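Here is the file upload-v8.txt (compact mmCIF, C-alpha atoms).
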# COMPACT_ATOMS: atom_id res chain seq x y z
CA MET M 1 -3.94 5.72 -23.07
CA SER M 2 -5.99 3.22 -21.07
CA PRO M 3 -5.07 2.55 -17.42
CA ALA M 4 -4.42 -1.13 -18.20
CA HIS M 5 -1.71 -0.07 -20.66
CA TRP M 6 0.56 0.63 -17.66
CA LEU M 7 0.32 -2.82 -16.09
CA PRO M 8 3.07 -4.50 -18.17
CA PHE M 9 5.50 -1.74 -17.20
CA LEU M 10 4.53 -1.94 -13.52
CA THR M 11 4.84 -5.73 -13.70
CA GLU M 12 8.36 -5.47 -15.08
CA LEU M 13 9.25 -3.08 -12.28
CA ALA M 14 7.80 -5.51 -9.73
CA ASP M 15 9.68 -8.48 -11.22
CA ARG M 16 12.99 -6.65 -10.92
CA ALA M 17 12.15 -5.35 -7.45
CA ASP M 18 11.31 -8.86 -6.25
CA GLU M 19 14.69 -10.12 -7.41
CA LEU M 20 16.52 -7.35 -5.59
CA ALA M 21 14.47 -7.65 -2.40
CA LEU M 22 14.98 -11.40 -2.12
CA ARG M 23 18.72 -10.98 -2.73
CA TRP M 24 18.97 -8.98 0.52
CA PHE M 25 16.13 -10.49 2.57
CA ARG M 26 17.59 -12.31 5.60
CA ALA M 27 21.08 -11.72 4.18
CA ALA M 28 24.00 -11.37 6.58
CA GLY M 29 25.46 -7.90 6.75
CA LEU M 30 22.41 -6.03 5.41
CA ARG M 31 23.19 -2.33 5.77
CA VAL M 32 20.50 -0.39 7.64
CA ALA M 33 20.44 3.32 8.46
CA ASP M 34 17.99 5.61 10.24
CA LYS M 35 16.37 8.43 8.28
CA ALA M 36 15.57 11.83 9.76
CA ASP M 37 12.17 10.57 10.96
CA ARG M 38 13.94 7.61 12.65
CA SER M 39 12.42 5.11 10.24
CA PRO M 40 14.89 2.57 8.79
CA VAL M 41 16.20 2.49 5.24
CA THR M 42 18.21 -0.40 3.82
CA GLU M 43 20.46 -0.83 0.81
CA ALA M 44 17.62 -2.89 -0.69
CA ASP M 45 15.21 0.09 -0.49
CA GLN M 46 17.76 2.29 -2.19
CA ALA M 47 18.65 -0.22 -4.89
CA ILE M 48 15.02 -0.90 -5.80
CA GLU M 49 14.13 2.77 -6.14
CA ALA M 50 17.28 3.48 -8.16
CA MET M 51 16.39 0.60 -10.49
CA ALA M 52 12.85 1.94 -10.95
CA ARG M 53 14.05 5.43 -11.77
CA LYS M 54 16.52 4.01 -14.32
CA LEU M 55 13.77 1.95 -15.95
CA VAL M 56 11.51 5.01 -16.17
CA HIS M 57 14.32 6.98 -17.81
CA GLU M 58 14.90 4.20 -20.34
CA HIS M 59 11.30 3.37 -21.26
CA HIS M 60 9.12 6.35 -20.29
CA PRO M 61 11.41 9.40 -19.93
CA GLN M 62 8.43 11.76 -19.96
CA LEU M 63 7.18 10.39 -16.63
CA GLY M 64 7.77 12.06 -13.31
CA VAL M 65 8.69 9.94 -10.31
CA LEU M 66 7.72 10.25 -6.66
CA GLY M 67 9.55 7.83 -4.38
CA GLU M 68 10.04 7.35 -0.67
CA GLU M 69 13.83 7.42 -0.78
CA GLU M 70 14.69 10.02 -3.45
CA GLY M 71 11.65 12.28 -3.42
CA GLU M 72 10.12 13.88 -6.50
CA ALA M 73 11.50 14.19 -10.02
CA VAL M 74 9.22 16.23 -12.27
CA GLY M 75 8.54 14.88 -15.75
CA THR M 76 7.26 16.49 -18.93
CA ALA M 77 3.93 14.61 -18.83
CA PRO M 78 1.05 14.98 -16.33
CA THR M 79 1.72 11.36 -15.36
CA ARG M 80 4.16 9.90 -12.86
CA LEU M 81 5.30 6.73 -11.21
CA ILE M 82 4.84 6.53 -7.44
CA ILE M 83 6.99 3.96 -5.67
CA ASP M 84 7.54 2.61 -2.19
CA PRO M 85 10.53 0.32 -2.77
CA ILE M 86 9.91 -1.72 0.38
CA ASP M 87 6.72 -1.19 2.32
CA GLY M 88 7.26 -2.85 5.68
CA THR M 89 10.98 -2.09 5.97
CA ARG M 90 10.97 -2.91 9.70
CA ASN M 91 9.59 -6.35 8.85
CA PHE M 92 12.22 -6.74 6.13
CA VAL M 93 15.02 -5.87 8.53
CA ARG M 94 13.77 -8.34 11.16
CA GLY M 95 13.37 -11.19 8.67
CA ILE M 96 9.57 -11.09 8.69
CA PRO M 97 8.26 -11.95 5.19
CA VAL M 98 5.42 -9.38 5.21
CA PHE M 99 6.89 -6.67 2.98
CA ALA M 100 6.18 -5.50 -0.55
CA THR M 101 7.18 -3.17 -3.34
CA LEU M 102 4.33 -0.79 -4.16
CA VAL M 103 4.25 0.87 -7.60
CA ALA M 104 1.48 2.97 -9.11
CA ILE M 105 0.78 5.31 -11.99
CA GLU M 106 -0.85 8.65 -11.23
CA THR M 107 -2.15 10.80 -14.06
CA GLY M 108 -3.96 14.08 -13.67
CA GLY M 109 -4.05 13.58 -9.91
CA GLU M 110 -5.77 10.18 -10.10
CA VAL M 111 -4.10 6.81 -9.50
CA VAL M 112 -5.02 4.70 -12.52
CA ALA M 113 -2.99 1.52 -12.03
CA GLY M 114 -1.09 -0.18 -9.25
CA VAL M 115 0.87 -3.28 -8.29
CA ALA M 116 1.73 -4.57 -4.81
CA SER M 117 4.32 -7.35 -4.94
CA ALA M 118 5.27 -9.38 -1.86
CA PRO M 119 7.92 -11.86 -3.03
CA ALA M 120 8.56 -13.55 0.33
CA LEU M 121 4.83 -14.32 0.51
CA ARG M 122 4.81 -15.34 -3.17
CA ALA M 123 1.91 -12.95 -3.67
CA ARG M 124 1.20 -10.10 -6.06
CA TRP M 125 -1.87 -7.92 -6.48
CA HIS M 126 -2.66 -5.55 -9.34
CA ALA M 127 -5.44 -3.34 -10.63
CA ALA M 128 -6.20 -0.79 -13.33
CA ARG M 129 -9.18 1.56 -13.32
CA GLY M 130 -12.17 -0.10 -14.90
CA SER M 131 -10.49 -3.50 -15.18
CA GLY M 132 -10.94 -5.03 -11.73
CA ALA M 133 -8.44 -6.16 -9.09
CA PHE M 134 -6.47 -9.40 -9.10
CA ARG M 135 -4.19 -11.54 -6.97
CA GLY M 136 -2.03 -13.29 -9.52
CA GLY M 137 -4.47 -14.30 -12.24
CA GLN M 138 -7.50 -14.56 -9.97
CA ARG M 139 -9.98 -11.71 -9.66
CA ILE M 140 -10.58 -10.56 -6.10
CA ARG M 141 -13.55 -8.83 -4.48
CA VAL M 142 -14.31 -7.41 -1.07
CA SER M 143 -16.68 -9.16 1.31
CA ARG M 144 -20.40 -8.48 1.66
CA VAL M 145 -20.42 -8.29 5.47
CA GLU M 146 -22.89 -5.55 6.43
CA SER M 147 -22.45 -5.13 10.18
CA LEU M 148 -19.51 -4.19 12.38
CA GLU M 149 -20.44 -7.00 14.75
CA ARG M 150 -19.55 -9.54 12.02
CA ALA M 151 -16.44 -7.74 10.79
CA MET M 152 -12.76 -8.64 10.92
CA LEU M 153 -10.58 -5.61 11.68
CA PHE M 154 -6.89 -5.39 10.78
CA HIS M 155 -4.53 -2.90 12.42
CA GLY M 156 -0.86 -2.05 12.75
CA ASN M 157 1.16 -0.86 15.70
CA LEU M 158 -0.82 -0.40 18.94
CA GLY M 159 2.07 1.01 20.98
CA PRO M 160 3.35 4.60 21.20
CA GLY M 161 5.66 4.34 18.17
CA GLU M 162 4.61 5.57 14.71
CA ALA M 163 2.14 7.99 16.38
CA GLY M 164 0.23 5.13 18.02
CA PRO M 165 -3.30 4.01 17.20
CA PRO M 166 -5.92 6.56 16.16
CA SER M 167 -8.50 7.94 18.55
CA GLY M 168 -11.54 5.71 18.63
CA LEU M 169 -9.79 2.49 17.64
CA ASP M 170 -10.37 0.85 21.02
CA GLY M 171 -14.09 1.53 20.72
CA LEU M 172 -14.16 0.11 17.19
CA ILE M 173 -12.27 -2.98 18.34
CA ASP M 174 -14.91 -3.51 21.03
CA ARG M 175 -17.62 -3.61 18.36
CA VAL M 176 -16.13 -5.95 15.75
CA GLU M 177 -16.12 -9.73 15.81
CA ARG M 178 -12.35 -10.24 15.55
CA THR M 179 -9.04 -8.41 15.06
CA ARG M 180 -5.61 -9.20 13.66
CA GLY M 181 -2.46 -7.05 13.68
CA PHE M 182 -0.88 -7.43 10.25
CA GLY M 183 -0.21 -3.76 9.50
CA ASP M 184 1.35 -2.17 6.40
CA PHE M 185 0.20 -3.08 2.87
CA TYR M 186 -0.90 -6.60 3.73
CA GLN M 187 -3.96 -5.69 5.79
CA HIS M 188 -5.37 -3.61 2.95
CA MET M 189 -4.82 -6.42 0.43
CA LEU M 190 -6.67 -8.79 2.77
CA VAL M 191 -9.60 -6.35 2.72
CA ALA M 192 -9.45 -6.33 -1.09
CA GLU M 193 -9.53 -10.14 -1.10
CA GLY M 194 -12.54 -10.29 1.21
CA ALA M 195 -10.57 -11.94 4.03
CA GLY M 196 -11.54 -9.10 6.36
CA GLU M 197 -13.60 -5.94 6.29
CA ILE M 198 -11.54 -3.12 7.87
CA ALA M 199 -7.90 -1.98 7.82
CA VAL M 200 -6.63 1.11 9.62
CA ASP M 201 -3.34 3.00 9.13
CA PRO M 202 -3.13 6.32 11.03
CA VAL M 203 0.10 7.59 9.43
CA MET M 204 0.68 7.19 5.69
CA HIS M 205 2.44 8.83 2.76
CA PRO M 206 1.40 8.98 -0.91
CA TRP M 207 3.77 6.14 -1.85
CA ASP M 208 2.23 3.98 0.89
CA ILE M 209 -1.31 4.61 -0.35
CA ALA M 210 -1.28 4.91 -4.14
CA ALA M 211 -1.16 1.26 -5.25
CA LEU M 212 -3.37 0.11 -2.36
CA GLN M 213 -6.09 2.64 -3.16
CA VAL M 214 -6.65 1.50 -6.74
CA ILE M 215 -6.52 -2.20 -5.82
CA VAL M 216 -9.03 -1.88 -2.97
CA GLU M 217 -11.38 0.31 -5.01
CA GLU M 218 -11.25 -1.97 -8.05
CA ALA M 219 -12.07 -4.86 -5.72
CA GLY M 220 -15.26 -2.99 -4.79
CA GLY M 221 -14.10 -1.42 -1.53
CA ARG M 222 -13.44 2.11 -0.30
CA ALA M 223 -10.19 3.80 0.66
CA THR M 224 -10.24 7.10 2.53
CA SER M 225 -8.38 8.98 5.22
CA LEU M 226 -9.49 8.89 8.85
CA GLY M 227 -11.39 12.09 8.05
CA GLY M 228 -13.16 10.53 5.08
CA GLU M 229 -11.11 12.19 2.33
CA ARG M 230 -10.41 10.13 -0.78
CA SER M 231 -6.84 11.22 -1.46
CA ILE M 232 -3.41 9.61 -1.45
CA TYR M 233 -2.15 12.86 0.13
CA ALA M 234 -4.40 12.72 3.18
CA THR M 235 -1.72 11.15 5.50
CA SER M 236 -3.83 8.24 6.78
CA LEU M 237 -5.70 5.29 5.28
CA VAL M 238 -8.84 3.39 6.19
CA THR M 239 -9.95 0.69 3.79
CA SER M 240 -13.09 -1.39 3.98
CA ASN M 241 -15.54 -3.41 1.94
CA GLY M 242 -17.40 -0.14 1.36
CA LEU M 243 -20.55 -1.23 3.13
CA LEU M 244 -19.03 -0.40 6.52
CA GLN M 245 -16.96 2.67 5.68
CA ASP M 246 -19.30 5.31 7.07
CA ALA M 247 -19.81 3.41 10.32
CA ILE M 248 -16.04 2.89 10.65
CA LEU M 249 -15.23 6.57 10.14
CA GLN M 250 -17.91 7.56 12.62
CA ALA M 251 -16.45 5.22 15.23
CA LEU M 252 -12.92 6.51 14.63
CA ARG M 253 -13.90 10.18 14.77
CA PRO M 254 -12.30 11.97 17.73
CA SER M 255 -14.84 12.63 20.48
Translate the structure described by the file into structure tokens.
Amino acid sequence: MSPAHWLPFLTELADRADELALRWFRAAGLRVADKADRSPVTEADQAIEAMARKLVHEHHPQLGVLGEEEGEAVGTAPTRLIIDPIDGTRNFVRGIPVFATLVAIETGGEVVAGVASAPALRARWHAARGSGAFRGGQRIRVSRVESLERAMLFHGNLGPGEAGPPSGLDGLIDRVERTRGFGDFYQHMLVAEGAGEIAVDPVMHPWDIAALQVIVEEAGGRATSLGGERSIYATSLVTSNGLLQDAILQALRPS
């Protein structure tokens, strides 16, 4: 089965997730709870993941599922859906429109297709291995900037929360031309589009990374951990246009 075969299913998931997310976004009385790690979870997160698991059961019952809210359900095939129902939940709760549902298909340990859908931004990105990366119907590619001094760097939280910024980030910021603090999925999609060259996330989970990895790589970029490992299980994510990845990792390496 070709990787692109999964895109219609992921698109259907994203369509349904968008409808649910927008139903609760900026709604009065949104129920929010704190998880064990003190990160928020909303009824929208829970409803989207429950919907996705139901759709898997109905259309692809052999698939396993790994999701942020309900954990892992083992399937009978070496293939599974990985879902982050709302990436950027803190944004969602505060009424900030930078949030997305991230869905991906992993088979044999490799992510082969992914969709990132941001309904409040009216934006959706998708990719399948060997087929390129797209925003809507338009193909996207990373930039060709070859020096840190000309690069745009995106980052998330710079305060003490969420483990704070990684060692070396201040030094990297001093070297690049400009920075912006978008955080979460959006910074990595901007790298894939060529709107910037570097995005850094020091704390990540497989469901945060899976869809972003395949989209960035199919756009011609690189996606690794802070230590340079290409794995959705490596707990951090650095994406770039590829040309700068080695220099970025060297700058971020603890001294």
Nearest to Val115 in chain M by atom-to-atom distance, counting all atoms listed in the file, from M:Pro40, M:Gly194, M:Pro8, M:Gly227: M:Pro8
Take the point (6.3, 17.1, -15.6) in the file's coordinates, draw a sphere of radius 12 Å around it, and report as a PyMOL selection string every protein, DNA or RNA residue with an atom inside or on it, counting all atoms listed in the file. chain M and resi 61-66+72-81+106-108
Closest contacts (range 50-112 of chain M/range 118-140 of chain M, max 10 Å, only C-alpha atoms) as a tab-separated table:
residue	atom	partner	partner_atom	distance
M:Ile86	CA	M:Ala118	CA	9.2
M:Asp87	CA	M:Ala118	CA	9.3
M:Phe92	CA	M:Ala120	CA	9.7
M:Gly95	CA	M:Ala120	CA	9.9
M:Ile96	CA	M:Ala120	CA	8.8
M:Pro97	CA	M:Ala120	CA	5.1
M:Val98	CA	M:Leu121	CA	6.8
M:Phe99	CA	M:Ala118	CA	5.8
M:Ala100	CA	M:Ala118	CA	4.2
M:Thr101	CA	M:Ala118	CA	6.7
M:Leu102	CA	M:Ala118	CA	8.9
M:Val103	CA	M:His126	CA	9.6
M:Ala104	CA	M:His126	CA	9.5
M:Ile105	CA	M:Ala128	CA	9.4
M:Glu110	CA	M:Arg129	CA	9.8
M:Val111	CA	M:Arg129	CA	8.2
M:Val112	CA	M:Arg129	CA	5.3
With distances taken over only C-alpha atoms, which residue among M:Leu252, M:Val145, M:Thr239, M:Gly109 lies nearest Asp170 in chain M?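 Selected residue with least distance to Asp170 in chain M: M:Leu252.
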Selection near range 233-235 of chain M, 8 Å with only C-alpha atoms, sequence-local residues under 4 positions removed, as a PyMOL selection string: chain M and resi 202-206+225+229
Name the closest residue to Arg53 in chain M among the candidates M:Ala4, M:Leu226, M:Ile82, M:Met152; distances are taken between atoms, counting all atoms listed in the file. M:Ile82
What are the closest atom pairs, with distances in Å to one decimal, for all residues of range 46-103 of chain M lying within 10 Å of range 32-35 of chain M? Consider all atoms listed in the file, order rows by chain and residue number, and present the result as JSON lines.
{"residue": "M:Glu69", "atom": "CA", "partner": "M:Lys35", "partner_atom": "CA", "distance": 9.5}
{"residue": "M:Thr89", "atom": "CA", "partner": "M:Val32", "partner_atom": "CA", "distance": 9.8}
{"residue": "M:Val93", "atom": "CA", "partner": "M:Val32", "partner_atom": "CA", "distance": 7.8}
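Within 10 Å of the point (-10.5, -1.4, -3.5), and counting all atoms listed in the file, the protein, DNA and RNA residues are Ala127, Gly132, Ala133, Ile140, Arg141, Val142, His188, Met189, Val191, Ala192, Glu193, Ala211, Leu212, Gln213, Val214, Ile215, Val216, Glu217, Glu218, Ala219, Gly220, Gly221, Arg222, Ala223, Thr239, Ser240, Asn241 and Gly242 of chain M.
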Report the distance between CA of Ser147 in chain M and CA of Gln245 in chain M in Å, rounded to one decimal place.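 These atoms are spaced 10.5 Å apart.
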For Arg23 in chain M: contacts at 12 Å, all atoms listed in the file, fewer than 3 positions along chain excluded, given as a ChimeraX atom specification: /M:16-20,26-28,30,43-45,47-48,92,119-120
d(CA of Thr224 in chain M, CA of Leu13 in chain M) in Å: 26.5 Å
Pick from M:Leu22, M:Val41, M:Tyr186, M:Gly114, whichever lies nearest to His5 in chain M using all atoms listed in the file: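 Of the candidates, the smallest distance to His5 in chain M is held by M:Gly114.
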For Asp201 in chain M, work out the shell of residues within 8 Å, counting all atoms listed in the file and skipping chain neighbours fewer than 6 positions away, then give it as an mmCIF file with C-alpha atoms, keeping the file's coordinate frame.
data_model
loop_
_atom_site.group_PDB
_atom_site.id
_atom_site.type_symbol
_atom_site.label_atom_id
_atom_site.label_comp_id
_atom_site.auth_asym_id
_atom_site.auth_seq_id
_atom_site.Cartn_x
_atom_site.Cartn_y
_atom_site.Cartn_z
ATOM 1 C CA HIS M 155 -4.530 -2.900 12.420
ATOM 2 C CA GLY M 156 -0.860 -2.050 12.750
ATOM 3 C CA GLY M 183 -0.210 -3.760 9.500
ATOM 4 C CA ASP M 184 1.350 -2.170 6.400
ATOM 5 C CA SER M 236 -3.830 8.240 6.780
ATOM 6 C CA LEU M 237 -5.700 5.290 5.280
ATOM 7 C CA VAL M 238 -8.840 3.390 6.190
#
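One finds CA of Ser167 in chain M at 11.1 Å from CA of Gln250 in chain M.
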